[in-house]
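Participant: File final26.cif follows (mmCIF, C-alpha atoms):
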```
data_run
#
loop_
_atom_site.group_PDB
_atom_site.id
_atom_site.type_symbol
_atom_site.label_atom_id
_atom_site.label_comp_id
_atom_site.auth_asym_id
_atom_site.auth_seq_id
_atom_site.Cartn_x
_atom_site.Cartn_y
_atom_site.Cartn_z
ATOM 1 C CA MET I 1 -38.440 59.109 -52.897
ATOM 2 C CA SER I 2 -41.612 60.938 -53.810
ATOM 3 C CA ASP I 3 -44.641 61.925 -51.750
ATOM 4 C CA GLU I 4 -46.450 58.981 -53.339
ATOM 5 C CA ASP I 5 -44.106 56.698 -51.376
ATOM 6 C CA ASP I 6 -45.218 58.140 -48.010
ATOM 7 C CA HIS I 7 -46.590 55.564 -45.590
ATOM 8 C CA GLU I 8 -48.381 55.611 -42.247
ATOM 9 C CA PHE I 9 -45.170 54.742 -40.434
ATOM 10 C CA GLU I 10 -42.276 56.076 -42.450
ATOM 11 C CA ARG I 11 -38.746 55.571 -41.187
ATOM 12 C CA ARG I 12 -36.042 56.192 -43.769
ATOM 13 C CA ILE I 13 -32.532 55.148 -42.896
ATOM 14 C CA SER I 14 -29.512 56.588 -44.684
ATOM 15 C CA ILE I 15 -26.968 53.911 -45.446
ATOM 16 C CA ALA I 16 -24.224 56.343 -46.502
ATOM 17 C CA GLU I 17 -22.402 56.098 -43.172
ATOM 18 C CA LEU I 18 -22.607 52.308 -43.046
ATOM 19 C CA ALA I 19 -19.444 50.805 -44.562
ATOM 20 C CA ALA I 20 -19.328 47.266 -45.904
ATOM 21 C CA GLY I 21 -19.314 44.832 -42.998
ATOM 22 C CA ASP I 22 -20.628 47.435 -40.535
ATOM 23 C CA ARG I 23 -23.682 46.854 -38.374
ATOM 24 C CA SER I 24 -26.035 49.291 -36.712
ATOM 25 C CA ALA I 25 -29.029 48.898 -34.436
ATOM 26 C CA GLU I 26 -32.363 50.669 -34.624
ATOM 27 C CA ALA I 27 -35.151 50.758 -32.049
ATOM 28 C CA LEU I 28 -38.416 52.002 -33.519
ATOM 29 C CA GLU I 29 -41.811 52.742 -32.003
ATOM 30 C CA ALA I 30 -44.986 54.042 -33.636
ATOM 31 C CA ASP I 31 -46.718 56.980 -31.987
ATOM 32 C CA GLU I 32 -50.474 57.229 -31.398
ATOM 33 C CA ALA I 33 -51.307 58.934 -34.727
ATOM 34 C CA GLU I 34 -49.184 56.447 -36.669
ATOM 35 C CA ARG I 35 -50.831 53.487 -34.900
ATOM 36 C CA ALA I 36 -54.286 54.869 -35.742
ATOM 37 C CA ALA I 37 -53.320 55.215 -39.419
ATOM 38 C CA ILE I 38 -51.857 51.686 -39.423
ATOM 39 C CA ALA I 39 -55.067 50.307 -37.886
ATOM 40 C CA ASP I 40 -57.035 52.000 -40.652
ATOM 41 C CA ARG I 41 -54.726 50.589 -43.339
ATOM 42 C CA LEU I 42 -54.903 47.044 -41.904
ATOM 43 C CA ASN I 43 -58.654 47.264 -41.270
ATOM 44 C CA VAL I 44 -58.356 46.372 -37.584
ATOM 45 C CA LEU I 45 -60.054 48.018 -34.608
ATOM 46 C CA SER I 46 -56.818 49.406 -33.152
ATOM 47 C CA VAL I 47 -53.065 49.011 -32.871
ATOM 48 C CA GLY I 48 -52.206 49.531 -29.205
ATOM 49 C CA THR I 49 -48.439 49.209 -29.561
ATOM 50 C CA LEU I 50 -45.966 48.689 -32.387
ATOM 51 C CA SER I 51 -42.227 48.551 -31.843
ATOM 52 C CA ALA I 52 -39.153 46.873 -33.277
ATOM 53 C CA LYS I 53 -35.520 46.227 -32.543
ATOM 54 C CA LEU I 54 -33.670 45.850 -35.808
ATOM 55 C CA GLY I 55 -30.110 45.130 -36.837
ATOM 56 C CA ILE I 56 -28.873 46.624 -40.098
ATOM 57 C CA LEU I 57 -25.870 45.107 -41.880
ATOM 58 C CA ARG I 58 -24.235 46.335 -45.057
ATOM 59 C CA ASP I 59 -22.609 43.344 -46.746
ATOM 60 C CA LEU I 60 -19.547 43.326 -48.986
ATOM 61 C CA THR I 61 -21.679 43.704 -52.155
ATOM 62 C CA GLY I 62 -23.218 46.943 -50.852
ATOM 63 C CA ASP I 63 -26.577 45.309 -50.167
ATOM 64 C CA VAL I 64 -28.248 45.961 -46.825
ATOM 65 C CA ILE I 65 -29.807 43.237 -44.684
ATOM 66 C CA VAL I 66 -32.354 44.137 -42.008
ATOM 67 C CA THR I 67 -33.141 41.566 -39.318
ATOM 68 C CA GLY I 68 -34.897 41.778 -35.981
ATOM 69 C CA ARG I 69 -38.208 41.443 -34.186
ATOM 70 C CA ILE I 70 -41.402 43.414 -34.182
ATOM 71 C CA GLN I 71 -43.844 43.399 -31.311
ATOM 72 C CA ALA I 72 -47.367 44.744 -31.368
ATOM 73 C CA LYS I 73 -50.697 44.602 -29.622
ATOM 74 C CA VAL I 74 -53.581 44.626 -32.097
ATOM 75 C CA VAL I 75 -57.341 44.553 -31.540
ATOM 76 C CA GLN I 76 -59.429 42.926 -34.270
ATOM 77 C CA ALA I 77 -63.123 42.102 -34.528
ATOM 78 C CA CYS I 78 -64.093 38.477 -33.845
ATOM 79 C CA VAL I 79 -65.235 36.807 -37.082
ATOM 80 C CA VAL I 80 -68.223 35.274 -35.254
ATOM 81 C CA THR I 81 -69.439 37.859 -32.735
ATOM 82 C CA LEU I 82 -67.640 41.047 -33.859
ATOM 83 C CA GLU I 83 -66.444 41.467 -30.249
ATOM 84 C CA PRO I 84 -62.910 42.888 -29.833
ATOM 85 C CA VAL I 85 -60.132 40.268 -29.812
ATOM 86 C CA ILE I 86 -56.690 41.288 -28.546
ATOM 87 C CA GLU I 87 -53.734 39.706 -30.319
ATOM 88 C CA GLU I 88 -50.116 39.928 -29.175
ATOM 89 C CA ILE I 89 -47.708 39.855 -32.128
ATOM 90 C CA ASP I 90 -44.049 38.911 -31.702
ATOM 91 C CA THR I 91 -42.428 38.050 -35.024
ATOM 92 C CA ASP I 92 -39.091 38.064 -36.805
ATOM 93 C CA ILE I 93 -38.215 40.365 -39.697
ATOM 94 C CA PHE I 94 -35.782 39.703 -42.515
ATOM 95 C CA GLN I 95 -35.386 41.918 -45.568
ATOM 96 C CA ARG I 96 -32.630 42.472 -48.117
ATOM 97 C CA TYR I 97 -32.234 45.836 -49.842
ATOM 98 C CA SER I 98 -30.126 46.380 -52.951
ATOM 99 C CA ALA I 99 -29.312 49.188 -55.363
ATOM 100 C CA ARG I 100 -29.565 46.465 -58.029
ATOM 101 C CA ALA I 101 -33.110 45.394 -56.986
ATOM 102 C CA ASP I 102 -34.545 45.843 -60.495
ATOM 103 C CA GLU I 103 -31.937 43.627 -62.156
ATOM 104 C CA PRO I 104 -33.112 40.143 -63.142
ATOM 105 C CA GLU I 105 -32.350 37.807 -60.314
ATOM 106 C CA ALA I 106 -32.262 34.098 -59.741
ATOM 107 C CA GLU I 107 -35.303 32.533 -58.147
ATOM 108 C CA ALA I 108 -35.153 34.264 -54.771
ATOM 109 C CA GLU I 109 -37.392 33.218 -51.914
ATOM 110 C CA ASP I 110 -37.658 36.713 -50.506
ATOM 111 C CA PRO I 111 -38.084 39.740 -52.750
ATOM 112 C CA ILE I 112 -35.326 42.319 -52.679
ATOM 113 C CA GLU I 113 -36.346 45.902 -51.947
ATOM 114 C CA PRO I 114 -34.548 48.822 -53.601
ATOM 115 C CA ILE I 115 -32.083 51.215 -52.035
ATOM 116 C CA VAL I 116 -33.331 54.577 -53.298
ATOM 117 C CA GLU I 117 -31.131 57.651 -53.176
ATOM 118 C CA GLY I 118 -28.936 56.030 -50.512
ATOM 119 C CA GLU I 119 -31.872 55.296 -48.194
ATOM 120 C CA ILE I 120 -33.984 52.335 -47.161
ATOM 121 C CA GLU I 121 -37.531 52.563 -45.785
ATOM 122 C CA ILE I 122 -37.996 50.286 -42.771
ATOM 123 C CA GLY I 123 -41.231 51.638 -41.260
ATOM 124 C CA ASP I 124 -43.388 50.194 -44.010
ATOM 125 C CA LEU I 125 -41.400 46.958 -43.731
ATOM 126 C CA MET I 126 -42.660 46.729 -40.138
ATOM 127 C CA VAL I 127 -46.272 47.382 -41.167
ATOM 128 C CA GLN I 128 -46.110 44.777 -43.948
ATOM 129 C CA ASN I 129 -44.711 42.167 -41.564
ATOM 130 C CA LEU I 130 -47.337 43.061 -38.977
ATOM 131 C CA ALA I 131 -50.049 42.504 -41.589
ATOM 132 C CA LEU I 132 -48.612 39.084 -42.423
ATOM 133 C CA ALA I 133 -48.491 38.095 -38.739
ATOM 134 C CA LEU I 134 -52.148 38.950 -38.003
ATOM 135 C CA ASP I 135 -54.615 36.135 -37.433
ATOM 136 C CA PRO I 136 -56.809 36.218 -40.564
ATOM 137 C CA TYR I 137 -59.780 34.800 -38.594
ATOM 138 C CA PRO I 138 -59.634 36.221 -35.069
ATOM 139 C CA ARG I 139 -62.097 34.499 -32.804
ATOM 140 C CA SER I 140 -63.177 35.344 -29.287
ATOM 141 C CA PRO I 141 -62.759 32.439 -26.824
ATOM 142 C CA GLU I 142 -66.476 32.728 -25.987
ATOM 143 C CA ALA I 143 -67.573 32.597 -29.643
ATOM 144 C CA GLU I 144 -69.570 29.511 -30.533
ATOM 145 C CA PHE I 145 -71.349 28.465 -33.677
ATOM 146 C CA GLU I 146 -74.939 27.514 -32.935
ATOM 147 C CA VAL I 147 -76.691 24.714 -34.785
ATOM 148 C CA VAL I 148 -79.903 26.114 -36.175
ATOM 149 C CA ASP I 149 -82.797 23.697 -36.684
ATOM 150 C CA ASP I 150 -85.724 24.335 -38.967
ATOM 151 C CA ASP I 151 -89.359 24.163 -37.816
ATOM 152 C CA ALA I 152 -89.514 20.388 -38.340
ATOM 153 C CA GLY I 153 -86.605 19.800 -35.970
ATOM 154 C CA LYS I 154 -84.206 18.849 -38.758
ATOM 155 C CA PRO I 155 -80.732 20.362 -39.041
ATOM 156 C CA SER I 156 -80.489 23.177 -41.529
ATOM 157 C CA GLY I 157 -77.608 24.886 -43.224
ATOM 158 C CA PRO I 158 -75.559 24.447 -46.365
ATOM 159 C CA PHE I 159 -74.633 20.813 -45.706
ATOM 160 C CA ALA I 160 -77.901 19.561 -44.171
ATOM 161 C CA ALA I 161 -79.395 18.736 -47.589
ATOM 162 C CA LEU I 162 -76.239 16.886 -48.610
ATOM 163 C CA ALA I 163 -76.268 14.849 -45.385
ATOM 164 C CA GLU I 164 -79.917 13.944 -45.988
ATOM 165 C CA LEU I 165 -79.096 12.798 -49.550
ATOM 166 C CA GLN I 166 -76.264 10.627 -48.233
ATOM 167 C CA ILE I 167 -78.579 9.009 -45.667
ATOM 168 C CA LYS I 168 -81.101 8.212 -48.432
ATOM 169 C CA ASP I 169 -78.295 6.865 -50.624
ATOM 170 C CA ASP I 170 -77.027 4.623 -47.807
ATOM 171 C CA GLU I 171 -80.541 3.230 -47.207
ATOM 172 C CA ALA I 172 -80.983 2.265 -50.867
#
```
Using structure tokens, write down the structure from this file.

Facilitator:
Amino acid sequence: MSDEDDHEFERRISIAELAAGDRSAEALEADEAERAAIADRLNVLSVGTLSAKLGILRDLTGDVIVTGRIQAKVVQACVVTLEPVIEEIDTDIFQRYSARADEPEAEAEDPIEPIVEGEIEIGDLMVQNLALALDPYPRSPEAEFEVVDDDAGKPSGPFAALAELQIKDDEA
């Protein structure tokens, strides 16, 4: 793996000691500097916590399957008010790794990641799954859209003109 493959939260696991059919467990937690870099990458206000408990299984083909849960506390900006919105993330992870990842494969639902030089990278797997679990439109419970009226007391906005046309059409 080259320096270009470095990520904010890099955790390489050597699979050399894991024989076919063997399982291992990993508990991972991002430190403060890593969480700040992850927040920057994901364009969120902050990542307060990020941890995972993962099971790693090497199957009889030599492929590696990673399963488990990630948990995080993320602060994003409300899409309406820009106030901070705290989101608790608790999501499952599943990823298959293979030394044959670049071979043509049948229509697979989940992409297969490569085993490179006898190692898998599971830190970035956590960050990618965290990104997928984030609410794309975080909204503060107090956030409300206000109806804005024009000077004549009529509703305004992108659909006000369409509503007025429909009223005229119904009257005709």

Participant: On this file, the PyMOL selection byres ((chain I and resi 75) around 8) gives some set of residues; write that set as a VMD selection string.

Facilitator: chain I and resid 44 to 48 73 to 74 76 to 77 84 to 87

Participant: Using all atoms listed in the file, find all polymer residues with an atom at most 9 Å away from the point (-49.2, 55.6, -35.0); report them as a list in words.

Facilitator: Glu8, Phe9, Glu29, Ala30, Asp31, Glu32, Ala33, Glu34, Arg35, Ala36, Ala37, Ile38, Ala39, Val47, Gly48, Thr49 and Leu50 of chain I

Participant: My list of candidates is I:Gly123, I:Pro136, I:Gly62, I:Pro141. Which is closest to His7 of chain I when distances are computed with only C-alpha atoms?

Facilitator: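 Residue with the minimum atom-to-atom distance to His7 of chain I: I:Gly123.
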
Participant: Check the smallest atom-to-atom distance from each of I:Ala19, I:Ile122, I:Ala143, I:Ala27 to Lys53 of chain I using all atoms listed in the file, then report the winner.

Facilitator: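 Nearest candidate to Lys53 of chain I out of I:Ala19, I:Ile122, I:Ala143, I:Ala27: I:Ala27.
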
Participant: What does the distance between atom CA of Glu113 of chain I and atom CA of Gln95 of chain I come to in Å, to one decimal place?

Facilitator: 7.6 Å

Participant: The PyMOL selection byres ((chain I and resi 13) around 9) on the file shown: which residues, as an MDAnalysis selection string?

Facilitator: chainID I and resid 11:12 14:15 118:122

Participant: Just checking: using only C-alpha atoms, which residue out of I:Glu88, I:Glu144, I:Glu26, I:Asp63 ends up closest to Ile115 of chain I?

Facilitator: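 Going through I:Glu88, I:Glu144, I:Glu26, I:Asp63 one by one, the smallest distance to Ile115 of chain I is for I:Asp63.
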
Participant: Please measure the separation of atom CA of Leu132 of chain I and atom CA of Asp22 of chain I, giving the value in Å to one decimal.

Facilitator: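 Those two atoms sit 29.3 Å apart.
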
Participant: When the PyMOL selection byres ((chain I and resi 130) around 10) is applied to the structure above, which residues does it catch, written out as a PyMOL selection string?

Facilitator: chain I and resi 38+42+50+70-72+74+89-93+124-129+131-134

Participant: What does the structure give for the distance between atom CA of Val79 of chain I and atom CA of Phe159 of chain I, in Å to one decimal?

Facilitator: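 A separation of 20.5 Å between them.
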
Participant: What are the centre and the three edge lengths of an axis-aligned box that wraps all atoms of segment 10-14 of chain I in the file, given that 8 Å is added to every side, written as lines of an AutoDock Vina configuration file and rounded to one decimal in Å?

Facilitator:
```
center_x = -35.9
center_y = 55.9
center_z = -42.9
size_x = 28.8
size_y = 17.4
size_z = 19.5
```

Participant: Go through I:Val64, I:Gly55, I:Cys78, I:Arg139 and flag the residue nearest Val116 of chain I, using only C-alpha atoms for the distances.

Facilitator: I:Val64

Participant: Between I:Val80, I:Glu117, I:Pro111, I:Arg100, which one has atoms that come closest to Ala16 of chain I, using all atoms listed in the file?

Facilitator: I:Glu117
